[in-house]
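> Got a structure for you, questions after.
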Amino acid sequence: MKEQLEAIAKKAFEELAQSQDLKALDAVRVKYLGKKGELTAILKQMGKLSAEERPVIGQLANEIRKDIEDTIANKSAEIKKAAQ
């Protein structure tokens with residue numbers, strides 16, 4: 001599961017780097033963080049993990065979510081500033 005999370009993070013950051021407008025950014029956000037997003041799907045599988053693995057994977061997943069959200073916010077601000 002750790003490998004899946006790292007792969008999702010890598011893909012998300014690559015797609016965010018290529019996003020040139022707010023619509024593309026939102027599409028990436030929905031794809032990974034939305035209700036049926038890839039990261040959300042992984043989080044739903046957390047119940048299947050052992051008690052030892054759960055906190056480690058949960059912390060990693062939360063860090064990845066926060067990094068993606070921060071990157072989206074920063075990129076969004078850059079796009080808005082450039083549009084002025």
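Each chain in the structure tokens gets a letter, A, B, ..., in the order shown, and its residues are numbered from 1; ligands are numbered from 1 in order too.
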Write out as a PyMOL selection string the set of residues from stretch 40-78 of chain A that DSSP, computed on the backbone, places in alpha helix (DSSP H).
chain A and resi 40-44+53-78
> Do you know which residues are at most 12 Å from A:Asp21 counting only C-alpha atoms, after dropping those on the same chain fewer than 2 positions away, and could you put them as an NGL selection string?
:A and (15-19 or 23-28 or 72 or 75-83)
> Any chance you could export the current selection's all heavy atoms as a short mmCIF file (atom, residue, chain, number, x, y, z; two decimals), in the first residue's frame?

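Listed below is the output, selection.cif:
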```cif
data_model
loop_
_atom_site.label_atom_id
_atom_site.label_comp_id
_atom_site.auth_asym_id
_atom_site.auth_seq_id
_atom_site.Cartn_x
_atom_site.Cartn_y
_atom_site.Cartn_z
N GLU A 15 1.18 15.60 -12.88
CA GLU A 15 0.02 16.22 -13.53
C GLU A 15 -0.17 17.66 -13.07
O GLU A 15 -0.53 18.52 -13.88
CB GLU A 15 -1.25 15.40 -13.24
CG GLU A 15 -1.25 14.08 -13.98
CD GLU A 15 -2.51 13.26 -13.73
OE1 GLU A 15 -3.59 13.85 -13.53
OE2 GLU A 15 -2.40 12.02 -13.75
N LEU A 16 0.10 17.93 -11.80
CA LEU A 16 -0.01 19.30 -11.31
C LEU A 16 1.02 20.20 -11.98
O LEU A 16 0.73 21.35 -12.31
CB LEU A 16 0.16 19.34 -9.78
CG LEU A 16 -1.02 18.82 -8.98
CD1 LEU A 16 -0.65 18.68 -7.52
CD2 LEU A 16 -2.23 19.72 -9.14
N ALA A 17 2.22 19.69 -12.18
CA ALA A 17 3.28 20.48 -12.83
C ALA A 17 2.89 20.85 -14.25
O ALA A 17 3.26 21.91 -14.75
CB ALA A 17 4.59 19.71 -12.81
N GLN A 18 2.12 19.99 -14.91
CA GLN A 18 1.73 20.23 -16.30
C GLN A 18 0.45 21.07 -16.40
O GLN A 18 0.12 21.54 -17.48
CB GLN A 18 1.52 18.90 -17.02
CG GLN A 18 2.80 18.10 -17.17
CD GLN A 18 2.55 16.70 -17.69
OE1 GLN A 18 1.43 16.33 -18.00
NE2 GLN A 18 3.61 15.91 -17.78
N SER A 19 -0.25 21.26 -15.31
CA SER A 19 -1.51 22.01 -15.33
C SER A 19 -1.22 23.49 -15.58
O SER A 19 -0.42 24.10 -14.88
CB SER A 19 -2.25 21.86 -14.00
OG SER A 19 -2.58 20.52 -13.79
N LYS A 23 -8.92 25.14 -14.43
CA LYS A 23 -9.77 23.99 -14.76
C LYS A 23 -8.95 22.69 -14.69
O LYS A 23 -9.42 21.68 -14.15
CB LYS A 23 -10.37 24.19 -16.15
CG LYS A 23 -11.42 23.19 -16.52
CD LYS A 23 -12.06 23.56 -17.85
CE LYS A 23 -13.14 22.54 -18.20
NZ LYS A 23 -13.78 22.83 -19.48
N ALA A 24 -7.75 22.72 -15.21
CA ALA A 24 -6.87 21.54 -15.18
C ALA A 24 -6.49 21.21 -13.74
O ALA A 24 -6.45 20.03 -13.36
CB ALA A 24 -5.63 21.79 -16.01
N LEU A 25 -6.22 22.23 -12.93
CA LEU A 25 -5.89 22.00 -11.52
C LEU A 25 -7.04 21.33 -10.80
O LEU A 25 -6.84 20.39 -10.02
CB LEU A 25 -5.60 23.34 -10.82
CG LEU A 25 -4.20 23.90 -10.90
CD1 LEU A 25 -4.13 25.21 -10.12
CD2 LEU A 25 -3.18 22.94 -10.38
N ASP A 26 -8.25 21.81 -11.06
CA ASP A 26 -9.42 21.23 -10.39
C ASP A 26 -9.63 19.78 -10.83
O ASP A 26 -10.01 18.94 -10.03
CB ASP A 26 -10.67 22.07 -10.67
CG ASP A 26 -11.79 21.70 -9.72
OD1 ASP A 26 -11.56 21.71 -8.49
OD2 ASP A 26 -12.89 21.40 -10.21
N ALA A 27 -9.37 19.51 -12.09
CA ALA A 27 -9.51 18.14 -12.59
C ALA A 27 -8.54 17.19 -11.86
O ALA A 27 -8.91 16.08 -11.48
CB ALA A 27 -9.27 18.09 -14.09
N VAL A 28 -7.32 17.66 -11.63
CA VAL A 28 -6.33 16.85 -10.89
C VAL A 28 -6.79 16.67 -9.45
O VAL A 28 -6.72 15.57 -8.89
CB VAL A 28 -4.93 17.51 -10.95
CG1 VAL A 28 -3.95 16.76 -10.06
CG2 VAL A 28 -4.42 17.55 -12.38
N ILE A 72 -1.65 22.40 -5.06
CA ILE A 72 -2.79 22.94 -5.81
C ILE A 72 -3.01 24.40 -5.43
O ILE A 72 -3.21 25.25 -6.29
CB ILE A 72 -4.06 22.09 -5.57
CG1 ILE A 72 -3.92 20.74 -6.26
CG2 ILE A 72 -5.31 22.83 -6.07
CD1 ILE A 72 -5.02 19.74 -5.92
N LYS A 75 -0.14 26.58 -6.89
CA LYS A 75 -0.24 26.67 -8.34
C LYS A 75 -1.44 27.54 -8.72
O LYS A 75 -1.35 28.34 -9.66
CB LYS A 75 -0.38 25.26 -8.92
CG LYS A 75 -0.34 25.18 -10.40
CD LYS A 75 1.05 24.90 -10.90
CE LYS A 75 0.98 24.66 -12.38
NZ LYS A 75 2.26 24.56 -12.99
N SER A 76 -2.52 27.41 -8.01
CA SER A 76 -3.72 28.21 -8.25
C SER A 76 -3.40 29.70 -8.05
O SER A 76 -3.79 30.54 -8.87
CB SER A 76 -4.83 27.78 -7.31
OG SER A 76 -5.96 28.61 -7.46
N ALA A 77 -2.68 30.01 -6.99
CA ALA A 77 -2.30 31.41 -6.72
C ALA A 77 -1.40 31.94 -7.84
O ALA A 77 -1.55 33.08 -8.29
CB ALA A 77 -1.59 31.50 -5.38
N GLU A 78 -0.46 31.11 -8.32
CA GLU A 78 0.42 31.51 -9.42
C GLU A 78 -0.38 31.80 -10.68
O GLU A 78 -0.14 32.81 -11.37
CB GLU A 78 1.42 30.40 -9.74
CG GLU A 78 2.54 30.22 -8.74
CD GLU A 78 3.41 29.01 -9.07
OE1 GLU A 78 3.45 28.60 -10.25
OE2 GLU A 78 4.03 28.48 -8.15
N ILE A 79 -1.33 30.94 -11.01
CA ILE A 79 -2.13 31.11 -12.22
C ILE A 79 -2.97 32.37 -12.12
O ILE A 79 -3.04 33.16 -13.07
CB ILE A 79 -3.01 29.87 -12.46
CG1 ILE A 79 -2.13 28.68 -12.84
CG2 ILE A 79 -4.05 30.13 -13.53
CD1 ILE A 79 -2.85 27.33 -12.87
N LYS A 80 -3.58 32.60 -10.94
CA LYS A 80 -4.40 33.80 -10.76
C LYS A 80 -3.56 35.05 -10.86
O LYS A 80 -3.98 36.06 -11.43
CB LYS A 80 -5.13 33.74 -9.41
CG LYS A 80 -6.25 32.73 -9.37
CD LYS A 80 -6.88 32.65 -8.00
CE LYS A 80 -7.95 31.58 -7.94
NZ LYS A 80 -8.46 31.36 -6.59
N LYS A 81 -2.36 35.01 -10.29
CA LYS A 81 -1.47 36.18 -10.32
C LYS A 81 -1.03 36.47 -11.74
O LYS A 81 -0.98 37.62 -12.17
CB LYS A 81 -0.25 35.92 -9.43
CG LYS A 81 0.60 37.12 -9.17
CD LYS A 81 1.68 36.82 -8.17
CE LYS A 81 2.49 38.06 -7.85
NZ LYS A 81 3.55 37.80 -6.90
N ALA A 82 -0.74 35.43 -12.51
CA ALA A 82 -0.30 35.60 -13.90
C ALA A 82 -1.43 36.13 -14.77
O ALA A 82 -1.19 36.81 -15.76
CB ALA A 82 0.21 34.26 -14.44
N ALA A 83 -2.67 35.83 -14.40
CA ALA A 83 -3.82 36.24 -15.20
C ALA A 83 -4.14 37.73 -15.00
O ALA A 83 -4.85 38.32 -15.81
CB ALA A 83 -5.04 35.41 -14.84
#
```
> Got a sec: who's within 12 Å of A:Lys66, counting only C-alpha atoms, leaving out chain neighbours fewer than 3 positions off, as a list in words?
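Within the cut-off, the hits are Ala9, Arg29, Tyr32, Leu33, Leu39, Gln59, Leu60, Ala61, Asn62, Glu63, Glu69, Asp70, Thr71, Ile72 and Ala73 of chain A.
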> Work out how far apart atom CA of A:Lys11 and atom CA of A:Ala51 are and give it in Å to one decimal.
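These two atoms are separated by 28.2 Å.
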> Show me, as a list in words, the residues that have an atom within 9 Å of A:Leu43 when counting only C-alpha atoms, minus same-chain residues fewer than 3 positions from it.
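The filter keeps Glu38, Leu39, Thr40, Met46, Gly47, Ile57, Gly58 and Ala61 of chain A.
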> Could you turn the residues from that selection into a file that holds N, CA and C atoms, as a PDB file, in the first residue's frame?

```
ATOM      1  N   GLU A  38      -8.341   8.636  -6.459  1.00  0.00           N
ATOM      2  CA  GLU A  38      -7.392   7.538  -6.238  1.00  0.00           C
ATOM      3  C   GLU A  38      -6.893   7.486  -4.795  1.00  0.00           C
ATOM      4  N   LEU A  39      -6.559   8.641  -4.227  1.00  0.00           N
ATOM      5  CA  LEU A  39      -6.078   8.663  -2.845  1.00  0.00           C
ATOM      6  C   LEU A  39      -7.200   8.280  -1.887  1.00  0.00           C
ATOM      7  N   THR A  40      -8.395   8.753  -2.158  1.00  0.00           N
ATOM      8  CA  THR A  40      -9.558   8.418  -1.334  1.00  0.00           C
ATOM      9  C   THR A  40      -9.816   6.915  -1.347  1.00  0.00           C
ATOM     10  N   MET A  46      -7.969   1.214   4.279  1.00  0.00           N
ATOM     11  CA  MET A  46      -7.175   1.215   5.509  1.00  0.00           C
ATOM     12  C   MET A  46      -7.677   0.204   6.537  1.00  0.00           C
ATOM     13  N   GLY A  47      -8.974  -0.066   6.542  1.00  0.00           N
ATOM     14  CA  GLY A  47      -9.529  -1.005   7.507  1.00  0.00           C
ATOM     15  C   GLY A  47      -8.976  -2.408   7.378  1.00  0.00           C
ATOM     16  N   ILE A  57       0.713   3.964   7.506  1.00  0.00           N
ATOM     17  CA  ILE A  57       0.118   4.229   6.193  1.00  0.00           C
ATOM     18  C   ILE A  57      -0.798   5.449   6.273  1.00  0.00           C
ATOM     19  N   GLY A  58      -1.536   5.569   7.363  1.00  0.00           N
ATOM     20  CA  GLY A  58      -2.428   6.716   7.551  1.00  0.00           C
ATOM     21  C   GLY A  58      -1.676   8.026   7.571  1.00  0.00           C
ATOM     22  N   ALA A  61      -0.418   8.754   4.038  1.00  0.00           N
ATOM     23  CA  ALA A  61      -1.536   9.183   3.189  1.00  0.00           C
ATOM     24  C   ALA A  61      -1.937  10.622   3.502  1.00  0.00           C
TER      25      ALA A  61
END
```
